[in-house]
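Structure file input-v5.cif with mmCIF, C-alpha atoms:
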data_protein
#
loop_
_atom_site.label_atom_id
_atom_site.label_comp_id
_atom_site.auth_asym_id
_atom_site.auth_seq_id
_atom_site.Cartn_x
_atom_site.Cartn_y
_atom_site.Cartn_z
CA MET D 23 6.13 -16.26 15.25
CA LEU D 24 8.94 -15.08 13.02
CA SER D 25 12.50 -14.54 14.12
CA ILE D 26 14.76 -12.91 11.59
CA SER D 27 17.67 -12.05 13.83
CA ASN D 28 19.97 -14.50 12.07
CA ASP D 29 19.21 -13.27 8.56
CA GLU D 30 22.35 -11.32 7.73
CA SER D 31 21.12 -10.60 4.18
CA LEU D 32 18.72 -7.97 5.55
CA ASP D 33 20.03 -4.66 6.88
CA VAL D 34 18.88 -3.56 10.32
CA GLY D 35 16.11 -1.31 9.02
CA ASP D 36 14.72 -4.09 6.83
CA ARG D 37 14.90 -6.54 9.73
CA ILE D 38 12.95 -4.13 11.91
CA LEU D 39 10.30 -3.69 9.21
CA ALA D 40 10.06 -7.46 8.69
CA ALA D 41 9.73 -7.96 12.45
CA THR D 42 7.02 -5.30 12.57
CA ALA D 43 5.12 -7.03 9.78
CA SER D 44 5.21 -10.33 11.64
CA CYS D 45 4.00 -8.62 14.84
CA VAL D 46 1.12 -6.91 13.01
CA ARG D 47 0.05 -10.21 11.46
CA ASP D 48 0.32 -12.06 14.79
CA PHE D 49 -1.15 -9.45 17.14
CA GLY D 50 -2.84 -6.68 15.15
CA VAL D 51 -1.57 -3.11 15.11
CA GLU D 52 -2.83 -2.08 18.54
CA ARG D 53 -0.94 -4.83 20.38
CA VAL D 54 2.43 -4.41 18.64
CA THR D 55 5.16 -3.35 21.06
CA LEU D 56 8.52 -1.88 20.35
CA ALA D 57 10.10 -4.47 22.65
CA GLU D 58 8.62 -7.34 20.60
CA ILE D 59 9.72 -5.71 17.34
CA ALA D 60 13.26 -5.38 18.68
CA ARG D 61 13.27 -8.97 19.95
CA ARG D 62 12.09 -10.38 16.62
CA ALA D 63 14.55 -8.23 14.69
CA GLY D 64 17.41 -9.30 16.95
CA VAL D 65 18.30 -5.72 17.88
CA SER D 66 18.08 -3.56 20.98
CA ARG D 67 15.21 -1.17 21.64
CA PRO D 68 17.56 1.85 21.33
CA THR D 69 18.49 0.60 17.85
CA VAL D 70 14.82 0.73 16.89
CA TYR D 71 14.36 4.15 18.54
CA ARG D 72 17.28 5.58 16.55
CA ARG D 73 15.31 4.89 13.38
CA TRP D 74 11.67 5.37 14.47
CA PRO D 75 10.26 7.23 17.50
CA ASP D 76 7.36 4.84 18.14
CA THR D 77 5.50 1.79 16.87
CA ASN D 78 2.95 3.82 14.90
CA THR D 79 5.76 5.42 12.91
CA ILE D 80 7.27 2.02 12.20
CA VAL D 81 3.90 0.68 11.06
CA ALA D 82 3.43 3.73 8.81
CA SER D 83 6.89 3.16 7.28
CA LEU D 84 6.07 -0.51 6.82
CA LEU D 85 2.82 0.31 5.01
CA THR D 86 4.57 2.85 2.78
CA ASP D 87 7.23 0.29 1.95
CA ARG D 88 4.62 -2.41 1.23
CA ILE D 89 2.40 -0.21 -0.95
CA THR D 90 5.16 1.44 -2.97
CA GLY D 91 7.00 -1.89 -3.23
CA THR D 92 3.87 -3.47 -4.69
CA TRP D 93 3.68 -0.68 -7.30
CA ARG D 94 7.35 -1.22 -8.23
CA ALA D 95 6.82 -4.99 -8.45
CA VAL D 96 4.09 -4.62 -11.11
CA PRO D 97 5.58 -3.46 -14.38
CA ALA D 98 3.63 -1.56 -17.02
CA ILE D 99 3.24 -4.05 -19.85
CA HIS D 100 1.39 -1.78 -22.29
CA PRO D 101 1.83 1.93 -22.95
CA GLY D 102 -0.70 4.64 -22.24
CA ARG D 103 -4.04 4.27 -20.49
CA THR D 104 -4.24 0.52 -21.11
CA GLY D 105 -0.96 -0.13 -19.30
CA LEU D 106 -1.70 2.27 -16.48
CA VAL D 107 -5.14 0.80 -15.80
CA GLU D 108 -3.82 -2.77 -15.96
CA ARG D 109 -1.06 -1.85 -13.53
CA ILE D 110 -3.40 -0.14 -11.05
CA VAL D 111 -5.86 -3.04 -11.17
CA GLU D 112 -3.08 -5.57 -10.51
CA VAL D 113 -1.60 -3.49 -7.69
CA ALA D 114 -5.07 -3.17 -6.15
CA ARG D 115 -5.56 -6.95 -6.42
CA ARG D 116 -2.25 -7.65 -4.74
CA LEU D 117 -2.91 -5.16 -1.95
CA ARG D 118 -6.45 -6.53 -1.43
CA ASP D 119 -4.92 -9.97 -0.96
CA ASP D 120 -1.96 -8.77 1.11
CA GLU D 121 -2.08 -10.25 4.61
CA LEU D 122 -0.42 -7.21 6.19
CA ILE D 123 -2.74 -4.66 4.55
CA THR D 124 -5.77 -6.76 5.46
CA SER D 125 -4.57 -7.07 9.04
CA VAL D 126 -4.15 -3.30 9.38
CA LEU D 127 -7.58 -2.60 7.91
CA ARG D 128 -9.20 -5.11 10.26
CA SER D 129 -7.20 -4.62 13.45
CA ALA D 130 -6.66 -0.85 13.34
CA PRO D 131 -9.68 0.85 11.80
CA ASP D 132 -8.82 4.11 13.58
CA LEU D 133 -5.37 4.12 11.99
CA ALA D 134 -6.83 3.22 8.60
CA MET D 135 -9.38 6.04 8.90
CA VAL D 136 -6.58 8.59 9.24
CA TYR D 137 -5.50 7.71 5.70
CA ILE D 138 -9.02 7.21 4.38
CA ALA D 139 -10.58 10.42 5.64
CA GLY D 140 -8.03 12.45 7.60
CA ARG D 141 -4.95 13.13 5.51
CA LEU D 142 -2.80 11.87 2.69
CA GLY D 143 -0.14 9.46 3.81
CA THR D 144 3.33 9.20 2.32
CA SER D 145 2.47 6.22 0.12
CA GLN D 146 -0.68 7.94 -1.15
CA GLN D 147 1.31 11.06 -2.11
CA ILE D 148 3.97 8.92 -3.79
CA LEU D 149 1.29 7.12 -5.82
CA ILE D 150 -0.36 10.39 -6.83
CA ASP D 151 3.01 11.67 -8.05
CA LEU D 152 3.62 8.45 -10.00
CA PHE D 153 0.15 8.63 -11.55
CA VAL D 154 0.82 12.24 -12.63
CA ASP D 155 3.81 11.14 -14.70
CA GLU D 156 1.93 8.18 -16.20
CA LEU D 157 -1.15 10.29 -16.99
CA ARG D 158 0.95 12.98 -18.68
CA ALA D 159 2.53 10.36 -20.92
CA ALA D 160 -0.88 8.84 -21.69
CA GLN D 161 -2.30 12.28 -22.50
CA ALA D 162 0.61 12.81 -24.89
CA ASP D 163 -0.19 9.59 -26.76
CA GLY D 164 -3.91 10.45 -26.83
CA SER D 165 -5.12 7.54 -24.71
CA VAL D 166 -6.17 9.69 -21.72
CA ARG D 167 -8.49 12.68 -21.89
CA ALA D 168 -7.29 16.22 -21.42
CA GLY D 169 -7.42 17.58 -17.90
CA ASP D 170 -5.41 18.51 -14.85
CA VAL D 171 -3.26 15.44 -14.20
CA HIS D 172 -2.92 16.25 -10.50
CA LYS D 173 -6.68 16.25 -9.99
CA MET D 174 -7.06 13.14 -12.14
CA SER D 175 -4.30 11.39 -10.18
CA ALA D 176 -6.04 12.13 -6.89
CA MET D 177 -9.30 10.70 -8.27
CA VAL D 178 -7.54 7.59 -9.59
CA LEU D 179 -6.09 7.09 -6.10
CA LEU D 180 -9.54 7.40 -4.53
CA ILE D 181 -11.09 4.93 -6.96
CA GLY D 182 -8.32 2.34 -6.48
CA GLN D 183 -8.11 2.85 -2.73
CA SER D 184 -11.86 2.34 -2.36
CA ALA D 185 -11.66 -0.94 -4.26
CA ILE D 186 -8.97 -2.14 -1.86
CA GLN D 187 -10.54 -0.95 1.38
CA SER D 188 -14.12 -1.97 0.63
CA ALA D 189 -13.53 -5.25 -1.22
CA GLN D 190 -14.57 -7.36 1.75
CA ILE D 191 -17.99 -5.77 2.14
CA VAL D 192 -18.95 -6.28 -1.52
CA GLU D 193 -17.43 -9.74 -1.86
CA PRO D 194 -20.85 -11.47 -1.98
CA ILE D 195 -21.61 -9.34 -5.05
CA LEU D 196 -18.15 -8.83 -6.53
CA ASP D 197 -15.63 -11.61 -6.01
CA GLY D 198 -11.98 -10.77 -6.61
CA GLU D 199 -12.08 -11.33 -10.37
CA ALA D 200 -15.31 -9.35 -10.82
CA LEU D 201 -14.01 -6.53 -8.64
CA SER D 202 -10.87 -6.26 -10.77
CA ALA D 203 -12.96 -6.22 -13.94
CA GLU D 204 -15.25 -3.48 -12.59
CA LEU D 205 -12.30 -1.45 -11.31
CA SER D 206 -10.80 -1.64 -14.79
CA ARG D 207 -14.08 -0.43 -16.33
CA ALA D 208 -14.35 2.42 -13.82
CA LEU D 209 -10.79 3.62 -14.43
CA ASN D 210 -11.02 3.27 -18.20
CA GLY D 211 -14.34 5.14 -18.23
CA TYR D 212 -12.94 7.93 -16.08
CA LEU D 213 -9.73 8.33 -18.08
CA ALA D 214 -10.90 7.70 -21.66
CA PRO D 215 -10.75 10.63 -24.11
#
Show how you would write the structure in this file as structure tokens.
Amino acid sequence: MLSISNDESLDVGDRILAATASCVRDFGVERVTLAEIARRAGVSRPTVYRRWPDTNTIVASLLTDRITGTWRAVPAIHPGRTGLVERIVEVARRLRDDELITSVLRSAPDLAMVYIAGRLGTSQQILIDLFVDELRAAQADGSVRAGDVHKMSAMVLLIGQSAIQSAQIVEPILDGEALSAELSRALNGYLAP
């Protein structure tokens, strides 16, 4: 169990998100309570309610923060398609190995299905928008084929998301390294001029 109430370097919102992450890892999404989040964050329940109306909203914010933070933490080393594909593959690897993401996929399949088959979540839309900018630049340098960058971005999201969500079921065939290599081939094949 994690208590972060004495960590003054984190603002209240960050403490609440960190407490939520520890609750999800310890209990799974379905058993996380607002009272336990508040206790671990060292704040009152009304303090949590002022920022988020319920635990599902906090979990959604946490996932958005984790996914977009992972993207920001992986810099593009090379320009064009090469850099974009390398970045997506590394982000996918990190998210596949992320304890919080894995816990959500395993403990809350109904919640995960909302973002797999029901609707785009905030982090998915943010990633699509980021891919649009990267694909435009790669089209300009000739390393990505012509096409509607919004449609291509959505497909890139689906390819990468599938590799993250389904990694466990293909692990006997594709270990982590092989999965990353095949994801790279798939993205390069899809995007190549």
Name the residues that the PyMOL selection byres ((chain D and resi 207) around 12) pulls out of this structure, and write them as a ChimeraX atom specification. /D:103-104,107-108,110-111,181-182,200-206,208-214
How many Å separate CA of Ile59 (chain D) from CA of Gln146 (chain D)? 25.2 Å
Taking 3 positions as the minimum chain separation for residues in the same chain, which residues sit within 9 Å of region 160-165 of chain D when counting only C-alpha atoms? Answer as a list in words. Pro101, Gly102, Arg103, Thr104, Leu106, Asp155, Glu156, Leu157, Ala168, Gly169, Val171, Leu213, Ala214 and Pro215 of chain D
Go ahead and save the residues from that selection, with C-alpha atoms, as an mmCIF file, keeping the file's coordinate frame.
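Okay, out-v6.cif is ready:
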data_model
loop_
_atom_site.group_PDB
_atom_site.id
_atom_site.type_symbol
_atom_site.label_atom_id
_atom_site.label_comp_id
_atom_site.auth_asym_id
_atom_site.auth_seq_id
_atom_site.Cartn_x
_atom_site.Cartn_y
_atom_site.Cartn_z
ATOM 1 C CA PRO D 101 1.830 1.930 -22.950
ATOM 2 C CA GLY D 102 -0.700 4.640 -22.240
ATOM 3 C CA ARG D 103 -4.040 4.270 -20.490
ATOM 4 C CA THR D 104 -4.240 0.520 -21.110
ATOM 5 C CA LEU D 106 -1.700 2.270 -16.480
ATOM 6 C CA ASP D 155 3.810 11.140 -14.700
ATOM 7 C CA GLU D 156 1.930 8.180 -16.200
ATOM 8 C CA LEU D 157 -1.150 10.290 -16.990
ATOM 9 C CA ALA D 168 -7.290 16.220 -21.420
ATOM 10 C CA GLY D 169 -7.420 17.580 -17.900
ATOM 11 C CA VAL D 171 -3.260 15.440 -14.200
ATOM 12 C CA LEU D 213 -9.730 8.330 -18.080
ATOM 13 C CA ALA D 214 -10.900 7.700 -21.660
ATOM 14 C CA PRO D 215 -10.750 10.630 -24.110
#
The PyMOL selection byres ((chain D and resi 187) around 10) applied to the shown file, residues as a count of residues only: 18
Here's the selection I'm unsure about, the PyMOL selection byres ((chain D and resi 93) around 10); applied to the file above, which residues does it give, as an mmCIF file with C-alpha atoms, in the coordinates of the input?
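As written to disk, expr_4.cif reads:
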data_model
loop_
_atom_site.group_PDB
_atom_site.id
_atom_site.type_symbol
_atom_site.label_atom_id
_atom_site.label_comp_id
_atom_site.auth_asym_id
_atom_site.auth_seq_id
_atom_site.Cartn_x
_atom_site.Cartn_y
_atom_site.Cartn_z
ATOM 1 C CA ASP D 87 7.230 0.290 1.950
ATOM 2 C CA ARG D 88 4.620 -2.410 1.230
ATOM 3 C CA ILE D 89 2.400 -0.210 -0.950
ATOM 4 C CA THR D 90 5.160 1.440 -2.970
ATOM 5 C CA GLY D 91 7.000 -1.890 -3.230
ATOM 6 C CA THR D 92 3.870 -3.470 -4.690
ATOM 7 C CA ARG D 94 7.350 -1.220 -8.230
ATOM 8 C CA ALA D 95 6.820 -4.990 -8.450
ATOM 9 C CA VAL D 96 4.090 -4.620 -11.110
ATOM 10 C CA PRO D 97 5.580 -3.460 -14.380
ATOM 11 C CA ALA D 98 3.630 -1.560 -17.020
ATOM 12 C CA ARG D 109 -1.060 -1.850 -13.530
ATOM 13 C CA ILE D 110 -3.400 -0.140 -11.050
ATOM 14 C CA GLU D 112 -3.080 -5.570 -10.510
ATOM 15 C CA VAL D 113 -1.600 -3.490 -7.690
ATOM 16 C CA ALA D 114 -5.070 -3.170 -6.150
ATOM 17 C CA ARG D 116 -2.250 -7.650 -4.740
ATOM 18 C CA LEU D 117 -2.910 -5.160 -1.950
ATOM 19 C CA LEU D 149 1.290 7.120 -5.820
ATOM 20 C CA LEU D 152 3.620 8.450 -10.000
#
Find the residues around Cys45 (chain D) up to 8 Å (all atoms listed in the file counted), leave out those fewer than 5 positions away in its own chain, and share them as a ChimeraX atom specification. /D:23,50-51,54,58-59
What is the distance, in Å and to one decimal place, between CA of Ile99 (chain D) and CA of Glu199 (chain D)? 19.4 Å
Give the centre and edge lengths of an axis-aligned box, in Å to one decimal, that holds all listed atoms of region 102-115 of chain D with 4 Å on each side, as AutoDock Vina command-line options.
--center_x -3.3 --center_y -1.2 --center_z -14.2 --size_x 13.2 --size_y 19.6 --size_z 24.1
For Val154 (chain D), list every protein, DNA or RNA residue within 10 Å, evaluated using all atoms listed in the file, and leave out those in the same chain fewer than 6 positions away; present the list as a PDB file with C-alpha atoms, in the frame of the given file.
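Here's the written file selection35.pdb:
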ATOM      1  CA  ILE D 148       3.970   8.920  -3.790  1.00  0.00           C
ATOM      2  CA  ALA D 160      -0.880   8.840 -21.690  1.00  0.00           C
ATOM      3  CA  ASP D 170      -5.410  18.510 -14.850  1.00  0.00           C
ATOM      4  CA  VAL D 171      -3.260  15.440 -14.200  1.00  0.00           C
ATOM      5  CA  HIS D 172      -2.920  16.250 -10.500  1.00  0.00           C
ATOM      6  CA  LYS D 173      -6.680  16.250  -9.990  1.00  0.00           C
ATOM      7  CA  MET D 174      -7.060  13.140 -12.140  1.00  0.00           C
ATOM      8  CA  SER D 175      -4.300  11.390 -10.180  1.00  0.00           C
ATOM      9  CA  ALA D 176      -6.040  12.130  -6.890  1.00  0.00           C
TER      10      ALA D 176
END
Interatomic distance (Å, one decimal) between CA of Ile38 (chain D) and CA of Val70 (chain D):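 Separating CA of Ile38 (chain D) from CA of Val70 (chain D) is a distance of 7.2 Å.
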Could you check the closest approach to Ser83 (chain D) for each of D:Leu179, D:Leu39, D:Val166, D:Leu56 and tell me which residue wins, using all atoms listed in the file?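 Among the listed residues, the smallest separation from Ser83 (chain D) belongs to D:Leu39.
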Using all atoms listed in the file: which of D:Val178, D:Ala57, D:Ile150, D:Ala130 has the shortest distance to Ala82 (chain D):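 Using all atoms listed in the file, the shortest distance to Ala82 (chain D) belongs to D:Ala130.
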